[in-house]
Amino acid sequence: MIEAIRAAHDEAMAADERVVVYGEDVGFFGGVFRCTQGLQAKYGKERCFDAPINESGIVGTAIGMAAYGLKPVIEIQFADYVYPGFDQIASEAARIRYRSNGDFTVPLVIRMPAGGGIFGGQTHSQSPEAIFTHVCGLKTVIPSNPGDAKGLLLAAIEDPDPVIFLEPKRLYNGPFDGHHDRPVVSWKNTDAGDVPDGLSVPLGKAKVTREGGDLTVLAYGTMVHVAHAACAETGIDCEIIDLRTLVPVDLPAITESVRKTGRCVIVHEATRTSGYGAELLSLVQENCFYSLEAPIERVTGWDTPYPHAQEWDYFPGPARLGEAMTRAMEG
Amino acid sequence: MSFKPLSLHVPEPGCRPGDTPDFSGFEIPRAGAVSRPPVDVDPDDIRDMAFSIVRVLNKKGEAVGDWADLLDAEALRAGLRHMLTLRAYDERMLTAQRQGKTSFYAQHLGEEAVSCAVAGALQKGDMNFPTYRQAGLLIAAGYPLETMMNQIYSNSADPLKGRQLPICYSSKEHGFFTVSGNLGTQFLQAVGWAMGSAIAGDTKIAAGWIGDGSTAESDFHAAVVFASTYRAPVMLNLVNNQWAISSFQGIARGGVGTFAARGHGFGIPAIRVDGNDFLATHAVASWAAERARSGHGPTLIEYVTYRAGAHSSSDDPSVYRSPEEAAAWPLGDPIERLKAHLITLDAWSEERHMQAKAEAMDEVRTAQKAAEAIGTLLDGTHPTPRDMFEQVFEEMPPHLIRQRQDAGF
């Protein structure tokens with residue numbers, strides 16, 4: 001997935017000289033996860049450069065640059081570090097088009113690695129997507145595989161409005177289904193590792209990654225892989241929807257599936273209370289109530305900071321998801 | 001070794017209601033005392049400028065020293081008219097707020113020279129990132145008063161469709177970035193805009209604006225780091241009007257040093273200027289603009305002025321500061337000072353001034369009548385509820401379309 005993200009940057013920078021890329025350690029070094037490796041050498045220091053360690057500064061200057069007419073793609077080193085930049089994102093980037101009635105706009109992509117699974121503890125594991133989905137004026141995207149990462153990142157760069165692009169860092173090197181005790185799989189050894197050129201994945205479109213008739217699982221990011229594992233292990237004929245974009249969410253994809261299966265389990269790695277799952281649950285209830293045959297289940301991280309030693313007790317793996325799926329089938 | 005219990009130091013202004021204003025500790029260099037360095041000066045060589053004050057107009061109203069003589073009489077008269085218009089505009093809009101025609105207003109009384117004079121230092125295509133107290137930039141750029149009022153009244157001709165707080169104007173065409181209403185955020189955006197201009201190989205520069213109180217915001221510090229690191233072509237305008245609502249400037253800087261001196265830690269040339277001296281303000285801003293446009297990077301300018309009015313229509317300054325303080329302010333009134341100077345040049349007179357003042361008020365009244373004929377917050381025509389849903393995104397996403405339909409718009 002790292003190569004796919006790098007390739008998306010490369011394609012966008014080659015196609016449009018307004019695309020500039022910066023962030024902490026992003027320039028010469030190519031980013032701590034190497035997502036921007038080689039871009040400075042190829043496109044020069046003015047188009048890919050290191051930023052001071054100041055997230056407010058990175059976002060705030062990118063807003064100015066976008067208003068000038070460039071298309072900045074900035075990296076926040078870890079999503080856990082984004083909070084100092086939150087005022088610039090929520091009060092400024094998200095509202096400049098609205099408050100100026102389109103006089104000024106902010107075509108800006110804010111990339112950040114998110115999620116756990118790498119023993120990052122509470123400062124390198126968070127999934128803050130709901131903080132962004134709650135802010136009107138932002139689009140929020142989370143890919144689950146290299147092809148989507150590339151296609152969605154290109155679509156995000158094309159988009160005329162600010163896009164939050166959360167990259168599940170446990171998926172950077174390979175798919176991860178929550179079985180942390182099994183050997184690591186590289187993307188290269190999977191079908192998803194081969195990303196075609198010229199790929200385009202629109203924002204706002206979910207993808208059914210497994211068709212099934214018993215139960216709908218709404219997932220995104222790492223949890224898509226966990227859902228597939230739980231499905232295989234429980235033997236339940238799940239329909240798994242990879243939402244890919246959380247705002248604007250693909251409501252028709254959700255309702256079509258839940259109306260068909262009559263059962264729904266929602267899964268995310270982020271904390272539970274006021275998590276994005278609450279929004280999904282409401283949407284399903286509002287739109288599919290008369291099709292439901294069981295209460296909607298939510299499987300999430302706990303409402304605790306992301307712990308270090310207890311990572312696998314926190315992480316909603318296939319066992320926890322499988323139990324919820326079984327409950328939903330019994331309900 | 002034993003220590004006494006600690007106590008918290010909370011700075012207090014020298015003058016609260018009931019006290020006698022005392023500016024004896026405020027050092028004011030004589031006009032012309034501070035020399036004009038070349039624009040490519042090493043910031044280290046002008047560190048003293050962050051502790052002095054560039055002044056051009058002396059007590060007699062004459063322009064002296066090497067920051068003088070940049071503007072001819074016609075340009076000065078135009079500047080004076082802009083300030084008179086701004087003052088008349090403030091007076092009418094503050095009254096309109098009191099009459100309930102708008103929810104909010106903030107006037108510029110006493111600090112009109114800052115925005116009106118800096119406007120002349122910028123060129124078409126440059127971009128200001130103003131706070132809510134730089135309407136002089138728009139007036140000097142020829143933005144219609146009526147359009148400004150339409151925004152304040154949130155009427156159907158408001159270019160911002162009633163979405164934004166009064167006085168938070170926006171006009172790209174006039175080099176005026178949409179005013180946030182949050183503090184300090186735009187200082188950083190100005191630096192980013194300037195970085196963008198540099199990346200694109202453009203010749204345009206940005207002008208960031210911030211108040212003394214807001215320099216305490218983290219974004220101020222982020223802005224000077226980025227401006228310094230990338231040598232951004234930006235003019236960093238810091239308007240020190242002494243008061244942040246009821247907090248005196250010492251709350252933002254511990255009562256020590258100057259705001260300008262904060263530039264030193266970042267290698268940014270820092271200049272204090274008499275913000276009530278139209279000529280000095282214009283000259284220093286022009287110096288910074290030339291420096292930025294020549295590729296020498298940012299300049300931090302502290303405009304020393306005084307907020308003679310309330311912070312906004314929502315506060316009563318007599319509760320937190322002496323009502324005599326404004327009159328005691330030693331840098332005087334910017335309009336009176338420029339008027340006196342023009343008279344010394346034989347380019348103005350008391351009669352012409354009276355006439356210009358009346359003309360400014362007429363212009364404002366005419367615009368106000370036209371704007372009020374369209375509507376105010378109280379009556380007339382307004383943006384539609386449908387407008388509320390537009391421009392959240394370029395293309396309205398399905399959930400907003402649904403919400404708009406659910407709401408019946």
# chains A, B, ... in the order shown; residues from 1 in each chain; ligands from 1
>>> closest_atom_pairs(of="chain A", to="chain B", cutoff="6 Å", atoms="only C-alpha atoms", output="Markdown table")
| residue | atom | partner | partner_atom | distance |
| --- | --- | --- | --- | --- |
| A:Glu46 | CA | B:Ile199 | CA | 5.9 |
| A:Gly57 | CA | B:Ala222 | CA | 5.1 |
| A:Gly60 | CA | B:Gln189 | CA | 5.1 |
| A:Thr61 | CA | B:Gly192 | CA | 3.5 |
| A:Ala62 | CA | B:Gly192 | CA | 5.8 |
| A:Ile63 | CA | B:Gln189 | CA | 5.9 |
| A:Gly64 | CA | B:Trp193 | CA | 4.1 |
| A:Met65 | CA | B:Trp193 | CA | 4.4 |
| A:Tyr68 | CA | B:Trp193 | CA | 5.3 |
| A:Tyr98 | CA | B:Gln391 | CA | 4.9 |
| A:Arg99 | CA | B:Gln164 | CA | 5.5 |
| A:Ser100 | CA | B:Leu160 | CA | 5.6 |
| A:Asn101 | CA | B:Leu160 | CA | 5.1 |
| A:Gly137 | CA | B:Val392 | CA | 5.3 |
>>> write_last_selection(atoms="N, CA and C atoms", output="CSV table (one decimal), in the first residue's frame")
chain,number,residue,atom,x,y,z
A,46,GLU,N,11.0,22.4,-4.0
A,46,GLU,CA,9.9,23.3,-3.9
A,46,GLU,C,8.5,22.6,-4.0
A,57,GLY,N,0.7,24.5,11.9
A,57,GLY,CA,1.5,25.2,10.9
A,57,GLY,C,1.4,24.5,9.5
A,60,GLY,N,-2.3,25.0,8.4
A,60,GLY,CA,-2.6,26.4,8.2
A,60,GLY,C,-1.9,26.9,6.9
A,61,THR,N,-0.7,26.6,6.7
A,61,THR,CA,0.0,27.1,5.5
A,61,THR,C,-0.6,26.4,4.3
A,62,ALA,N,-1.0,25.1,4.4
A,62,ALA,CA,-1.5,24.4,3.3
A,62,ALA,C,-2.9,25.1,2.9
A,63,ILE,N,-3.6,25.5,3.8
A,63,ILE,CA,-4.9,26.2,3.5
A,63,ILE,C,-4.5,27.5,2.7
A,64,GLY,N,-3.5,28.2,3.1
A,64,GLY,CA,-3.1,29.4,2.4
A,64,GLY,C,-2.7,29.1,1.0
A,65,MET,N,-1.9,28.0,0.9
A,65,MET,CA,-1.4,27.6,-0.4
A,65,MET,C,-2.5,27.2,-1.3
A,68,TYR,N,-4.3,30.1,-2.5
A,68,TYR,CA,-3.5,30.7,-3.6
A,68,TYR,C,-3.8,30.1,-4.9
A,98,TYR,N,-17.6,27.9,2.4
A,98,TYR,CA,-19.0,28.2,2.8
A,98,TYR,C,-19.0,29.7,3.2
A,99,ARG,N,-18.1,30.1,4.1
A,99,ARG,CA,-18.2,31.4,4.6
A,99,ARG,C,-17.9,32.5,3.6
A,100,SER,N,-17.1,32.1,2.5
A,100,SER,CA,-16.8,33.1,1.5
A,100,SER,C,-17.7,32.9,0.3
A,101,ASN,N,-18.7,32.1,0.4
A,101,ASN,CA,-19.6,31.7,-0.7
A,101,ASN,C,-18.8,31.4,-2.0
A,137,GLY,N,-18.2,20.0,5.9
A,137,GLY,CA,-17.3,20.6,5.0
A,137,GLY,C,-16.0,19.8,4.7
>>> select_by_dssp(residues="range 195-324 of chain B", states="helix (DSSP H, G or I)", output="count of residues only")
51
>>> residues_around(residues="range 272-276 of chain A", least_positions_apart="5", cutoff="8 Å", atoms="only C-alpha atoms", output="ChimeraX atom specification")
/A:129-130,133,299-303
>>> residues_around(residues="Cys35 in chain A", least_positions_apart="3", cutoff="9 Å", atoms="only C-alpha atoms", output="list in words")
Met1, Ile2, Glu3, Ala4, Ile5, Arg6, Ala7, His9, Val26, Gly30, Gly31 and Val32 of chain A
>>> residues_around(residues="Gly309 in chain B", least_positions_apart="6", cutoff="8 Å", atoms="only C-alpha atoms", output="ChimeraX atom specification")
/B:107-110,317
